[in-house]
$ cat query.txt   # compact mmCIF, C-alpha atoms
# COMPACT_ATOMS: atom_id res chain seq x y z
CA MET A 16 -6.93 21.30 -11.32
CA ARG A 17 -8.67 17.92 -11.32
CA ILE A 18 -6.94 14.57 -11.54
CA ALA A 19 -8.31 11.02 -11.54
CA TYR A 20 -6.86 8.24 -9.39
CA ILE A 21 -7.45 4.68 -10.60
CA PHE A 22 -7.73 1.78 -8.13
CA GLU A 23 -8.89 -1.82 -8.24
CA GLN A 24 -10.77 -1.17 -5.00
CA PHE A 25 -11.41 2.10 -3.21
CA PRO A 26 -11.29 2.49 -0.34
CA CYS A 27 -9.40 -0.64 0.70
CA GLN A 28 -9.05 -1.53 4.37
CA SER A 29 -5.36 -2.37 4.04
CA GLU A 30 -4.47 0.76 2.02
CA THR A 31 -4.90 3.64 4.46
CA PHE A 32 -1.83 5.24 2.86
CA ALA A 33 -3.91 5.85 -0.27
CA LEU A 34 -6.52 7.78 1.70
CA ARG A 35 -3.78 9.87 3.31
CA GLU A 36 -2.21 10.63 -0.05
CA ILE A 37 -5.48 11.84 -1.52
CA GLU A 38 -6.19 13.87 1.60
CA CYS A 39 -2.82 15.59 1.23
CA LEU A 40 -3.47 16.36 -2.43
CA LEU A 41 -6.79 17.96 -1.52
CA ARG A 42 -4.99 20.11 1.04
CA HIS A 43 -2.45 21.06 -1.63
CA GLY A 44 -5.27 22.42 -3.78
CA LEU A 45 -5.93 19.59 -6.23
CA GLN A 46 -9.34 18.07 -6.93
CA VAL A 47 -9.55 14.28 -7.14
CA THR A 48 -11.96 11.90 -8.84
CA VAL A 49 -11.54 8.19 -8.10
CA LEU A 50 -12.21 5.54 -10.75
CA CYS A 51 -12.23 1.97 -9.43
CA ALA A 52 -13.21 -1.56 -10.35
CA ARG A 53 -14.86 -2.14 -6.95
CA ARG A 54 -16.10 0.27 -4.34
CA GLY A 55 -15.37 -0.47 -0.69
CA SER A 56 -17.00 1.00 2.38
CA GLY A 57 -16.06 4.36 3.87
CA GLY A 58 -13.94 6.92 2.09
CA MET A 59 -13.39 10.64 2.06
CA ASN A 60 -16.74 11.85 3.44
CA GLY A 61 -18.00 12.94 0.05
CA ARG A 62 -15.03 15.18 -0.78
CA VAL A 63 -13.89 12.80 -3.51
CA HIS A 64 -16.23 11.65 -6.25
CA VAL A 65 -15.94 7.86 -6.63
CA ILE A 66 -17.04 6.13 -9.83
CA ALA A 67 -17.04 2.33 -9.79
CA SER A 68 -17.02 -0.05 -12.74
CA PRO A 69 -20.45 -0.83 -14.20
CA ARG A 70 -21.85 -4.27 -13.49
CA PRO A 71 -21.52 -6.61 -16.50
CA PHE A 72 -24.45 -6.31 -18.92
CA SER A 73 -26.04 -3.50 -16.91
CA ILE A 74 -27.36 -0.33 -18.56
CA ARG A 75 -24.14 1.49 -17.59
CA TRP A 76 -22.07 -1.37 -19.03
CA PHE A 77 -23.82 -1.15 -22.43
CA GLY A 78 -23.72 2.65 -22.19
CA GLY A 79 -19.95 2.58 -21.69
CA LEU A 80 -19.48 0.28 -24.68
CA MET A 81 -21.66 2.49 -26.87
CA HIS A 82 -19.79 5.61 -25.76
CA LEU A 83 -16.51 3.95 -26.68
CA LEU A 84 -17.73 3.02 -30.16
CA ALA A 85 -19.63 6.22 -30.86
CA SER A 86 -17.53 8.96 -29.23
CA ARG A 87 -14.01 7.51 -29.14
CA LEU A 88 -13.89 6.00 -32.61
CA LYS A 89 -10.92 8.14 -33.73
CA GLN A 90 -8.88 7.00 -30.71
CA LEU A 91 -9.53 3.27 -31.19
CA PRO A 92 -6.54 2.71 -33.55
CA SER A 93 -4.23 4.20 -30.89
CA LEU A 94 -5.88 2.02 -28.24
CA ALA A 95 -5.36 -1.02 -30.51
CA ALA A 96 -1.68 -0.12 -30.85
CA LEU A 97 -1.33 0.07 -27.05
CA TRP A 98 -3.18 -3.25 -26.73
CA TRP A 99 -0.82 -4.91 -29.23
CA ARG A 100 2.31 -3.72 -27.40
CA ILE A 101 0.87 -5.14 -24.17
CA ALA A 102 -0.19 -8.39 -25.89
CA ILE A 103 3.33 -9.05 -27.18
CA ARG A 104 4.60 -9.10 -23.59
CA SER A 105 1.56 -10.51 -21.78
CA PRO A 106 -1.40 -12.03 -23.67
CA ARG A 107 -3.20 -12.47 -20.34
CA GLN A 108 -3.02 -8.76 -19.53
CA ALA A 109 -4.11 -7.88 -23.06
CA MET A 110 -7.18 -10.12 -22.76
CA GLY A 111 -8.02 -8.42 -19.48
CA LEU A 112 -7.95 -5.06 -21.24
CA LEU A 113 -10.36 -6.36 -23.88
CA PHE A 114 -12.83 -7.50 -21.22
CA ASN A 115 -12.67 -3.98 -19.77
CA LEU A 116 -13.75 -2.14 -22.93
CA PRO A 117 -17.16 -1.13 -21.48
CA LEU A 118 -15.38 0.12 -18.36
CA LEU A 119 -13.01 2.17 -20.52
CA GLY A 120 -15.96 3.77 -22.23
CA GLU A 121 -17.68 4.55 -18.92
CA PHE A 122 -14.52 5.94 -17.36
CA SER A 123 -13.63 8.05 -20.41
CA ARG A 124 -17.12 9.55 -20.29
CA ALA A 125 -16.62 10.33 -16.58
CA ILE A 126 -13.23 11.94 -17.23
CA GLU A 127 -14.77 14.20 -19.82
CA ALA A 128 -17.75 15.08 -17.59
CA HIS A 129 -15.55 15.90 -14.58
CA GLY A 130 -12.99 17.91 -16.52
CA VAL A 131 -10.12 15.60 -15.55
CA ARG A 132 -6.79 16.64 -17.04
CA HIS A 133 -4.54 13.89 -15.70
CA VAL A 134 -4.99 10.19 -14.76
CA HIS A 135 -2.89 8.36 -12.19
CA GLY A 136 -2.72 4.56 -11.96
CA TYR A 137 -2.17 3.86 -8.29
CA TRP A 138 -0.64 0.38 -8.70
CA LEU A 139 1.55 -1.04 -11.48
CA GLY A 140 -0.93 -3.81 -12.32
CA TRP A 141 -4.52 -3.34 -13.50
CA PRO A 142 -4.73 0.37 -12.51
CA ALA A 143 -1.63 1.18 -14.57
CA ARG A 144 -2.99 -0.49 -17.70
CA ILE A 145 -6.37 1.21 -17.30
CA ALA A 146 -4.62 4.56 -16.80
CA ALA A 147 -2.67 4.11 -20.04
CA ALA A 148 -5.83 3.19 -21.96
CA MET A 149 -7.67 6.19 -20.48
CA SER A 150 -4.83 8.48 -21.49
CA VAL A 151 -5.00 7.18 -25.07
CA LEU A 152 -8.77 7.55 -25.25
CA THR A 153 -9.11 10.98 -23.63
CA GLY A 154 -5.80 12.72 -24.34
CA ALA A 155 -5.24 13.27 -20.61
CA SER A 156 -1.66 13.03 -19.40
CA MET A 157 -0.88 10.09 -17.11
CA SER A 158 1.40 8.88 -14.35
CA LEU A 159 1.80 5.76 -12.23
CA SER A 160 2.83 4.74 -8.75
CA GLY A 161 4.12 1.50 -7.26
CA HIS A 162 4.05 0.68 -3.58
CA ALA A 163 5.09 -2.83 -2.56
CA GLY A 164 4.95 -6.21 -4.27
CA ASP A 165 3.64 -4.72 -7.53
CA ILE A 166 7.07 -3.15 -8.06
CA PHE A 167 8.54 -6.66 -8.24
CA THR A 168 5.70 -8.68 -9.77
CA GLU A 169 3.99 -6.31 -12.25
CA THR A 170 6.82 -5.15 -14.50
CA VAL A 171 6.36 -7.29 -17.62
CA THR A 172 4.65 -4.42 -19.49
CA LEU A 173 6.19 -1.56 -17.53
CA ASP A 174 8.30 -0.31 -20.44
CA VAL A 175 5.14 0.11 -22.54
CA LEU A 176 3.37 2.03 -19.78
CA ALA A 177 6.43 4.09 -18.85
CA ARG A 178 6.68 5.34 -22.42
CA ARG A 179 3.41 7.20 -22.00
CA SER A 180 3.81 8.12 -18.29
CA GLU A 181 5.03 11.52 -17.20
CA PHE A 182 6.49 9.98 -14.04
CA ILE A 183 6.33 6.86 -11.86
CA ALA A 184 6.21 7.47 -8.11
CA VAL A 185 7.57 4.91 -5.64
CA CYS A 186 7.51 5.07 -1.86
CA THR A 187 10.78 3.30 -1.00
CA GLY A 188 14.40 3.46 -2.05
CA GLN A 189 14.31 -0.27 -2.85
CA GLY A 190 11.43 0.40 -5.25
CA LEU A 191 13.31 3.28 -6.87
CA ARG A 192 16.40 1.18 -7.47
CA HIS A 193 14.46 -1.83 -8.75
CA LEU A 194 12.34 0.11 -11.26
CA GLN A 195 15.34 2.04 -12.51
CA SER A 196 17.04 -1.31 -13.07
CA VAL A 197 13.99 -2.74 -14.86
CA LEU A 198 13.67 0.27 -17.14
CA GLY A 199 17.41 0.38 -17.85
CA GLN A 200 18.46 3.32 -19.98
CA SER A 201 14.99 3.99 -21.40
CA HIS A 202 13.11 5.87 -18.67
CA PRO A 203 15.06 5.83 -15.37
CA ALA A 204 14.63 9.58 -14.80
CA LYS A 205 10.86 9.13 -14.71
CA VAL A 206 11.01 7.16 -11.45
CA GLN A 207 10.54 9.47 -8.45
CA LEU A 208 10.93 8.63 -4.76
CA ILE A 209 7.97 10.04 -2.81
CA ARG A 210 7.57 8.39 0.58
CA HIS A 211 4.27 7.78 2.32
CA GLY A 212 3.74 9.18 5.78
CA LEU A 213 1.28 10.32 8.40
CA LEU A 214 -0.83 13.46 8.45
CA PRO A 215 0.25 16.24 10.84
CA GLU A 216 -2.62 15.49 13.21
CA GLU A 217 -1.56 11.83 13.32
CA MET A 218 2.08 12.50 14.08
CA ASP A 219 1.73 12.79 17.84
CA ARG A 220 -0.70 10.26 19.25
CA PRO A 221 -0.35 9.79 23.03
CA LYS A 222 0.60 6.34 24.25
CA SER A 223 -2.51 4.65 25.67
CA ARG A 224 -2.58 1.83 28.17
CA ARG A 225 -4.48 -1.43 28.21
CA ASN A 226 -6.97 -1.77 31.06
CA GLY A 227 -6.62 -4.61 33.50
CA ASP A 228 -3.40 -6.22 32.31
CA SER A 229 0.23 -5.32 31.82
CA ALA A 230 0.84 -3.60 28.50
CA ALA A 231 4.50 -4.53 28.89
CA LEU A 232 3.64 -8.15 28.11
CA HIS A 233 1.25 -7.69 25.21
CA VAL A 234 2.41 -7.93 21.59
CA VAL A 235 0.47 -6.98 18.45
CA ALA A 236 0.95 -7.84 14.77
CA CYS A 237 -1.29 -6.22 12.19
CA GLY A 238 -1.88 -6.78 8.46
CA ARG A 239 -3.43 -8.93 5.75
CA LEU A 240 -3.07 -12.63 6.42
CA VAL A 241 -1.09 -13.38 3.26
CA ALA A 242 2.26 -15.06 2.64
CA LYS A 243 4.43 -11.93 2.47
CA LYS A 244 3.36 -10.84 5.96
CA GLY A 245 5.17 -13.81 7.52
CA PHE A 246 2.63 -14.53 10.25
CA ASP A 247 3.46 -18.24 10.12
CA VAL A 248 7.04 -17.33 11.02
CA LEU A 249 5.74 -15.23 13.91
CA ILE A 250 3.66 -18.12 15.25
CA HIS A 251 6.66 -20.44 15.14
CA ALA A 252 8.70 -17.73 16.87
CA PHE A 253 6.08 -17.54 19.62
CA GLU A 254 6.55 -21.23 20.30
CA GLN A 255 10.10 -20.30 21.35
CA VAL A 256 8.98 -17.15 23.15
CA ASN A 257 6.47 -19.18 25.15
CA ALA A 258 9.14 -21.71 26.08
CA ARG A 259 11.28 -18.91 27.59
CA ARG A 260 8.51 -17.01 29.36
CA ASN A 261 4.80 -17.75 29.34
CA ASP A 262 3.58 -14.28 30.26
CA ILE A 263 3.62 -12.71 26.76
CA HIS A 264 0.44 -12.65 24.69
CA LEU A 265 0.22 -12.03 20.94
CA THR A 266 -2.81 -10.58 19.15
CA ILE A 267 -2.89 -10.80 15.35
CA ILE A 268 -5.14 -8.14 13.80
CA GLY A 269 -6.26 -8.65 10.22
CA GLY A 270 -7.88 -11.09 7.85
CA GLY A 271 -7.07 -12.85 4.62
CA PRO A 272 -6.69 -16.18 2.83
CA GLN A 273 -4.24 -17.65 5.36
CA GLU A 274 -6.51 -17.12 8.37
CA GLU A 275 -7.62 -20.72 8.82
CA SER A 276 -4.16 -22.18 8.20
CA LEU A 277 -2.63 -19.79 10.74
CA LYS A 278 -5.26 -20.67 13.33
CA SER A 279 -4.63 -24.36 12.65
CA LEU A 280 -0.88 -23.86 13.09
CA THR A 281 -1.53 -22.10 16.40
CA ARG A 282 -3.58 -25.06 17.64
CA GLN A 283 -1.01 -27.61 16.44
CA LEU A 284 1.73 -25.84 18.40
CA GLY A 285 -0.46 -25.60 21.52
CA LEU A 286 -0.36 -21.81 21.55
CA ASP A 287 -4.08 -21.05 21.83
CA ASP A 288 -3.58 -19.55 25.29
CA CYS A 289 -0.98 -17.02 24.16
CA ILE A 290 -2.05 -16.14 20.60
CA SER A 291 -5.42 -14.68 19.63
CA PHE A 292 -6.85 -13.55 16.29
CA ALA A 293 -8.86 -10.35 16.34
CA GLY A 294 -9.87 -10.32 12.66
CA TRP A 295 -10.26 -7.05 10.78
CA LEU A 296 -10.88 -4.09 13.05
CA PRO A 297 -11.79 -0.51 12.10
CA HIS A 298 -8.58 1.39 11.47
CA GLU A 299 -8.77 3.58 14.57
CA GLU A 300 -9.57 0.60 16.78
CA ALA A 301 -6.66 -1.39 15.33
CA MET A 302 -4.26 1.51 15.85
CA GLU A 303 -5.56 2.00 19.39
CA SER A 304 -4.47 -1.60 20.02
CA VAL A 305 -1.06 -0.78 18.57
CA GLY A 306 -0.86 2.14 20.99
CA GLN A 307 -1.75 -0.07 23.95
CA THR A 308 0.86 -2.74 23.34
CA ALA A 309 4.42 -3.28 24.48
CA MET A 310 5.60 -3.75 20.91
CA LEU A 311 4.49 -4.10 17.32
CA VAL A 312 5.92 -7.08 15.45
CA VAL A 313 6.22 -6.95 11.63
CA PRO A 314 7.52 -10.40 10.54
CA SER A 315 7.42 -9.81 6.76
CA VAL A 316 9.12 -12.11 4.25
CA ILE A 317 9.56 -12.24 0.48
CA ALA A 318 6.81 -14.52 -0.84
CA ALA A 319 7.47 -17.26 -3.37
CA ASP A 320 6.06 -15.13 -6.20
CA GLY A 321 8.31 -12.19 -5.30
CA ASP A 322 5.61 -10.22 -3.47
CA ARG A 323 6.97 -8.23 -0.53
CA ASP A 324 6.32 -5.25 1.69
CA GLY A 325 7.60 -1.76 1.15
CA THR A 326 7.53 0.26 4.36
CA PRO A 327 4.33 -0.89 6.11
CA ASN A 328 2.38 2.10 7.36
CA VAL A 329 1.58 0.33 10.61
CA ILE A 330 5.24 0.89 11.55
CA LEU A 331 4.74 4.65 11.20
CA GLU A 332 1.56 4.41 13.28
CA ALA A 333 3.54 2.64 15.99
CA PHE A 334 6.22 5.35 15.91
CA ALA A 335 3.53 8.00 16.34
CA ARG A 336 2.06 6.20 19.34
CA GLY A 337 5.36 5.54 21.06
CA THR A 338 5.23 1.78 20.49
CA PRO A 339 8.60 0.11 19.84
CA VAL A 340 8.91 -2.11 16.79
CA VAL A 341 10.42 -5.52 16.04
CA ALA A 342 10.51 -6.22 12.30
CA SER A 343 12.15 -8.24 9.55
CA ARG A 344 15.38 -7.04 8.03
CA LEU A 345 13.94 -6.38 4.55
CA PRO A 346 15.14 -3.39 2.51
CA GLY A 347 11.85 -1.46 2.50
CA ILE A 348 11.33 -1.99 6.23
CA ALA A 349 14.93 -1.09 7.06
CA GLU A 350 14.35 2.34 5.48
CA ALA A 351 12.26 3.15 8.57
CA VAL A 352 13.44 0.63 11.18
CA GLU A 353 17.14 1.09 11.79
CA HIS A 354 18.45 -1.72 13.99
CA GLU A 355 18.83 -0.70 17.64
CA ILE A 356 18.00 2.93 16.80
CA SER A 357 14.34 3.00 15.77
CA GLY A 358 13.57 -0.69 16.26
CA LEU A 359 14.99 -4.19 16.39
CA LEU A 360 15.48 -6.15 13.16
CA ALA A 361 15.34 -9.92 12.84
CA ASP A 362 16.36 -12.12 9.93
CA PRO A 363 13.34 -12.59 7.64
CA GLY A 364 11.85 -16.07 7.76
CA ASP A 365 13.89 -17.01 10.88
CA PRO A 366 11.67 -17.77 13.93
CA THR A 367 14.67 -17.98 16.28
CA SER A 368 15.98 -14.55 15.32
CA LEU A 369 12.48 -13.09 15.69
CA ALA A 370 11.91 -14.76 19.08
CA GLU A 371 15.22 -13.40 20.39
CA ALA A 372 14.29 -9.86 19.37
CA ILE A 373 10.84 -10.11 20.98
CA CYS A 374 12.24 -11.48 24.24
CA ARG A 375 15.00 -8.88 24.33
CA LEU A 376 12.59 -6.00 23.93
CA ALA A 377 10.09 -7.47 26.41
CA GLY A 378 12.82 -7.80 29.02
CA ASP A 379 14.60 -4.45 28.76
CA ARG A 380 12.63 -1.26 29.37
CA ARG A 381 15.62 0.96 28.62
CA VAL A 382 15.96 -0.50 25.12
CA ALA A 383 12.24 0.01 24.56
CA GLU A 384 12.40 3.67 25.61
CA SER A 385 15.42 4.29 23.40
CA LEU A 386 13.67 2.75 20.38
CA MET A 387 10.56 4.84 21.03
CA LEU A 388 12.62 8.03 20.81
CA GLY A 389 14.41 6.78 17.69
CA GLY A 390 11.13 5.95 16.00
CA ARG A 391 9.82 9.43 16.72
CA ARG A 392 12.90 11.00 15.10
CA VAL A 393 12.56 8.84 11.98
CA LEU A 394 8.86 9.67 11.70
CA GLU A 395 9.38 13.41 11.94
CA THR A 396 12.40 13.44 9.62
CA HIS A 397 11.25 11.19 6.77
CA PHE A 398 7.53 10.40 7.00
CA ASP A 399 5.58 13.64 7.20
CA ALA A 400 2.83 13.02 4.63
CA MET A 401 2.12 16.68 3.90
CA ALA A 402 5.79 17.47 3.31
CA ASN A 403 6.34 14.37 1.17
CA SER A 404 3.19 14.83 -0.90
CA GLU A 405 4.11 18.41 -1.78
CA ARG A 406 6.53 16.99 -4.37
CA LEU A 407 3.77 14.78 -5.79
CA ALA A 408 1.33 17.69 -6.00
CA THR A 409 3.98 19.74 -7.78
CA LEU A 410 4.53 16.98 -10.35
CA PHE A 411 0.79 16.82 -11.05
CA LYS A 412 0.51 20.59 -11.41
CA GLU A 413 3.58 20.85 -13.65
CA THR A 414 2.33 18.03 -15.86
CA ILE A 415 -1.11 19.60 -16.27
CA GLY A 416 0.51 22.98 -16.90
CA ARG A 417 2.57 21.58 -19.77
CA SER A 418 -0.51 20.04 -21.38
CA CYS A 419 -2.45 23.33 -21.45

$ encode --input "query.txt" --output "structure tokens"
Amino acid sequence: MRIAYIFEQFPCQSETFALREIECLLRHGLQVTVLCARRGSGGMNGRVHVIASPRPFSIRWFGGLMHLLASRLKQLPSLAALWWRIAIRSPRQAMGLLFNLPLLGEFSRAIEAHGVRHVHGYWLGWPARIAAAMSVLTGASMSLSGHAGDIFTETVTLDVLARRSEFIAVCTGQGLRHLQSVLGQSHPAKVQLIRHGLLPEEMDRPKSRRNGDSAALHVVACGRLVAKKGFDVLIHAFEQVNARRNDIHLTIIGGGPQEESLKSLTRQLGLDDCISFAGWLPHEEAMESVGQTAMLVVPSVIAADGDRDGTPNVILEAFARGTPVVASRLPGIAEAVEHEISGLLADPGDPTSLAEAICRLAGDRRVAESLMLGGRRVLETHFDAMANSERLATLFKETIGRSC
């Protein structure tokens, strides 16, 4: 059975959970083709066929448009009806779909050539709308998944997309409850909770140690440098940490639009000696740093536009490596980090609360060891990727079976 996953970018450095999910589906016996707007570097070592959007006005671009007009003519009225339902709710999204007509033709041709029976939009924004259009054009069944901020910021046309979807997978309980609330009485049963997780071979990574300095005094934060990650709050918290004890060093791993402003804030607060920016690192190198540190700090907040984290996968990586976690008390995070059991929680957006948690963990080895054991239990109980993805694979297989 072959399915198509639709992404804006694949692979994406900050979406390792997507690679794990596809890997699990391959192990469960499904075949996967990826359709994406942009192709990143790396991937699945050739085991997944990746088809990227044609460049504007290229031969493939014109070929996709011609295929749409010549081979999908009978489906165009249904596509127009979908477009109109989207346009009523969001003219901007509808215009985006119009600009993607050549892409729709190219992707529909690929779906036919690869024998794809089902399309899955991996986020509730652009991928979801493309999945719905592909389903209309090809007759393939479709489904969606939401993961973090898209669950809260990309719901204006969700009722239109849910009408055609067989199911909508979410990875957190907060996402489940929110989408059920958004959909009301129309499609709440379609929303399915399927958590992310780690692969079996990732579940037990030995704790490594940093050479030449004390790992007990080194702190790591890891993620995209965007508003919802709360790194500005962490830097302000470290001003207080540094005032209490000047032997703790923070490394921020990641890149993004806030990089320069965060570096500027660090200089303004005179924290250059205790905060460093590592930039983007290869995944294994970044996680090796997580394994070498005294603690992982996840200072997430709810951004002004409603964007927020679900359960960041770096927390699961820390659990696997025996690294205790300090994190914000946000609903998605609290589904993995239970206060004083599998981590310490601080009030989101509150530098003082975050600084107190960091200093407490840095100063009490017994608390750290207890949290390491608690994190391991949570990981094994709730975040085994192969066990969790079995439900997803079953949904795909059942859906394809019904369409035969």

$ residues_around --input "query.txt" --residues "segment 113-119 of chain A" --least-positions-apart "4" --cutoff "10 Å" --atoms "only C-alpha atoms" --output "JSON, numbers by chain"
{"A": [50, 51, 52, 67, 68, 69, 70, 71, 72, 75, 76, 77, 78, 79, 80, 81, 82, 83, 84, 95, 98, 108, 109, 123, 124, 125, 145, 146, 148, 149, 152]}

$ closest_residue --input "query.txt" --among "A:Gly245, A:Gly389, A:Gly347, A:Gly294" --to "Ile268 of chain A" --atoms "all atoms listed in the file"
A:Gly294

$ closest_residue --input "query.txt" --among "A:Thr187, A:Asn261, A:Arg392, A:His298" --to "Ile348 of chain A" --atoms "all atoms listed in the file"
A:Thr187

$ closest_residue --input "query.txt" --among "A:Val312, A:Leu407, A:Leu232, A:Ile250" --to "Leu284 of chain A" --atoms "only C-alpha atoms"
A:Ile250

$ closest_residue --input "query.txt" --among "A:Val305, A:Ala318, A:Ala342, A:Ile415" --to "Val241 of chain A" --atoms "all atoms listed in the file"
A:Ala318

$ closest_residue --input "query.txt" --among "A:Ser86, A:Ser304, A:Ser315, A:Ser105" --to "Gly164 of chain A" --atoms "all atoms listed in the file"
A:Ser315

$ residues_around --input "query.txt" --residues "Met401 of chain A" --least-positions-apart "3" --cutoff "9 Å" --atoms "only C-alpha atoms" --output "PyMOL selection string"
chain A and resi 36+39-40+42-43+212-215+398+404-405

$ closest_residue --input "query.txt" --among "A:Glu275, A:Gly321, A:Val248, A:Lys205" --to "Thr170 of chain A" --atoms "only C-alpha atoms"
A:Gly321

$ decode --input "query.txt" --residues "segment 171-223 of chain A" --atoms "C-alpha atoms" --output "PDB file, in the first residue's frame"
ATOM      1  CA  VAL A 171     -10.143  28.974   9.563  1.00  0.00           C
ATOM      2  CA  THR A 172     -10.843  26.441   6.777  1.00  0.00           C
ATOM      3  CA  LEU A 173     -10.568  23.296   8.883  1.00  0.00           C
ATOM      4  CA  ASP A 174     -14.266  22.454   8.644  1.00  0.00           C
ATOM      5  CA  VAL A 175     -13.990  22.400   4.838  1.00  0.00           C
ATOM      6  CA  LEU A 176     -10.946  20.131   4.927  1.00  0.00           C
ATOM      7  CA  ALA A 177     -12.334  17.904   7.683  1.00  0.00           C
ATOM      8  CA  ARG A 178     -15.401  17.188   5.573  1.00  0.00           C
ATOM      9  CA  ARG A 179     -13.238  15.335   3.066  1.00  0.00           C
ATOM     10  CA  SER A 180     -10.697  13.875   5.543  1.00  0.00           C
ATOM     11  CA  GLU A 181     -10.958  10.337   6.816  1.00  0.00           C
ATOM     12  CA  PHE A 182      -9.243  11.373  10.056  1.00  0.00           C
ATOM     13  CA  ILE A 183      -7.118  14.137  11.584  1.00  0.00           C
ATOM     14  CA  ALA A 184      -4.186  12.985  13.715  1.00  0.00           C
ATOM     15  CA  VAL A 185      -2.840  15.141  16.551  1.00  0.00           C
ATOM     16  CA  CYS A 186       0.124  14.432  18.799  1.00  0.00           C
ATOM     17  CA  THR A 187      -1.044  15.993  22.080  1.00  0.00           C
ATOM     18  CA  GLY A 188      -4.116  15.926  24.260  1.00  0.00           C
ATOM     19  CA  GLN A 189      -4.299  19.734  24.087  1.00  0.00           C
ATOM     20  CA  GLY A 190      -4.445  19.477  20.293  1.00  0.00           C
ATOM     21  CA  LEU A 191      -7.172  16.836  20.483  1.00  0.00           C
ATOM     22  CA  ARG A 192      -9.343  18.943  22.761  1.00  0.00           C
ATOM     23  CA  HIS A 193      -8.821  22.137  20.765  1.00  0.00           C
ATOM     24  CA  LEU A 194      -9.662  20.631  17.369  1.00  0.00           C
ATOM     25  CA  GLN A 195     -12.693  18.849  18.765  1.00  0.00           C
ATOM     26  CA  SER A 196     -13.836  22.211  20.106  1.00  0.00           C
ATOM     27  CA  VAL A 197     -13.185  23.942  16.766  1.00  0.00           C
ATOM     28  CA  LEU A 198     -15.080  21.309  14.813  1.00  0.00           C
ATOM     29  CA  GLY A 199     -17.954  21.241  17.303  1.00  0.00           C
ATOM     30  CA  GLN A 200     -20.578  18.626  16.526  1.00  0.00           C
ATOM     31  CA  SER A 201     -19.604  18.227  12.866  1.00  0.00           C
ATOM     32  CA  HIS A 202     -16.513  16.002  12.851  1.00  0.00           C
ATOM     33  CA  PRO A 203     -15.144  15.528  16.399  1.00  0.00           C
ATOM     34  CA  ALA A 204     -14.830  11.739  16.023  1.00  0.00           C
ATOM     35  CA  LYS A 205     -12.378  12.235  13.163  1.00  0.00           C
ATOM     36  CA  VAL A 206      -9.727  13.699  15.482  1.00  0.00           C
ATOM     37  CA  GLN A 207      -7.342  10.984  16.699  1.00  0.00           C
ATOM     38  CA  LEU A 208      -4.620  11.273  19.347  1.00  0.00           C
ATOM     39  CA  ILE A 209      -1.419   9.644  18.067  1.00  0.00           C
ATOM     40  CA  ARG A 210       1.639  10.782  19.985  1.00  0.00           C
ATOM     41  CA  HIS A 211       5.096  11.191  18.523  1.00  0.00           C
ATOM     42  CA  GLY A 212       7.979   9.308  20.071  1.00  0.00           C
ATOM     43  CA  LEU A 213      11.420   7.834  19.627  1.00  0.00           C
ATOM     44  CA  LEU A 214      12.435   4.764  17.669  1.00  0.00           C
ATOM     45  CA  PRO A 215      13.335   1.645  19.689  1.00  0.00           C
ATOM     46  CA  GLU A 216      17.036   2.090  18.953  1.00  0.00           C
ATOM     47  CA  GLU A 217      16.849   5.675  20.242  1.00  0.00           C
ATOM     48  CA  MET A 218      15.114   4.840  23.491  1.00  0.00           C
ATOM     49  CA  ASP A 219      18.234   4.007  25.476  1.00  0.00           C
ATOM     50  CA  ARG A 220      21.095   6.340  24.694  1.00  0.00           C
ATOM     51  CA  PRO A 221      23.876   6.252  27.326  1.00  0.00           C
ATOM     52  CA  LYS A 222      24.596   9.463  29.177  1.00  0.00           C
ATOM     53  CA  SER A 223      27.804  10.985  27.778  1.00  0.00           C
TER      54      SER A 223
END
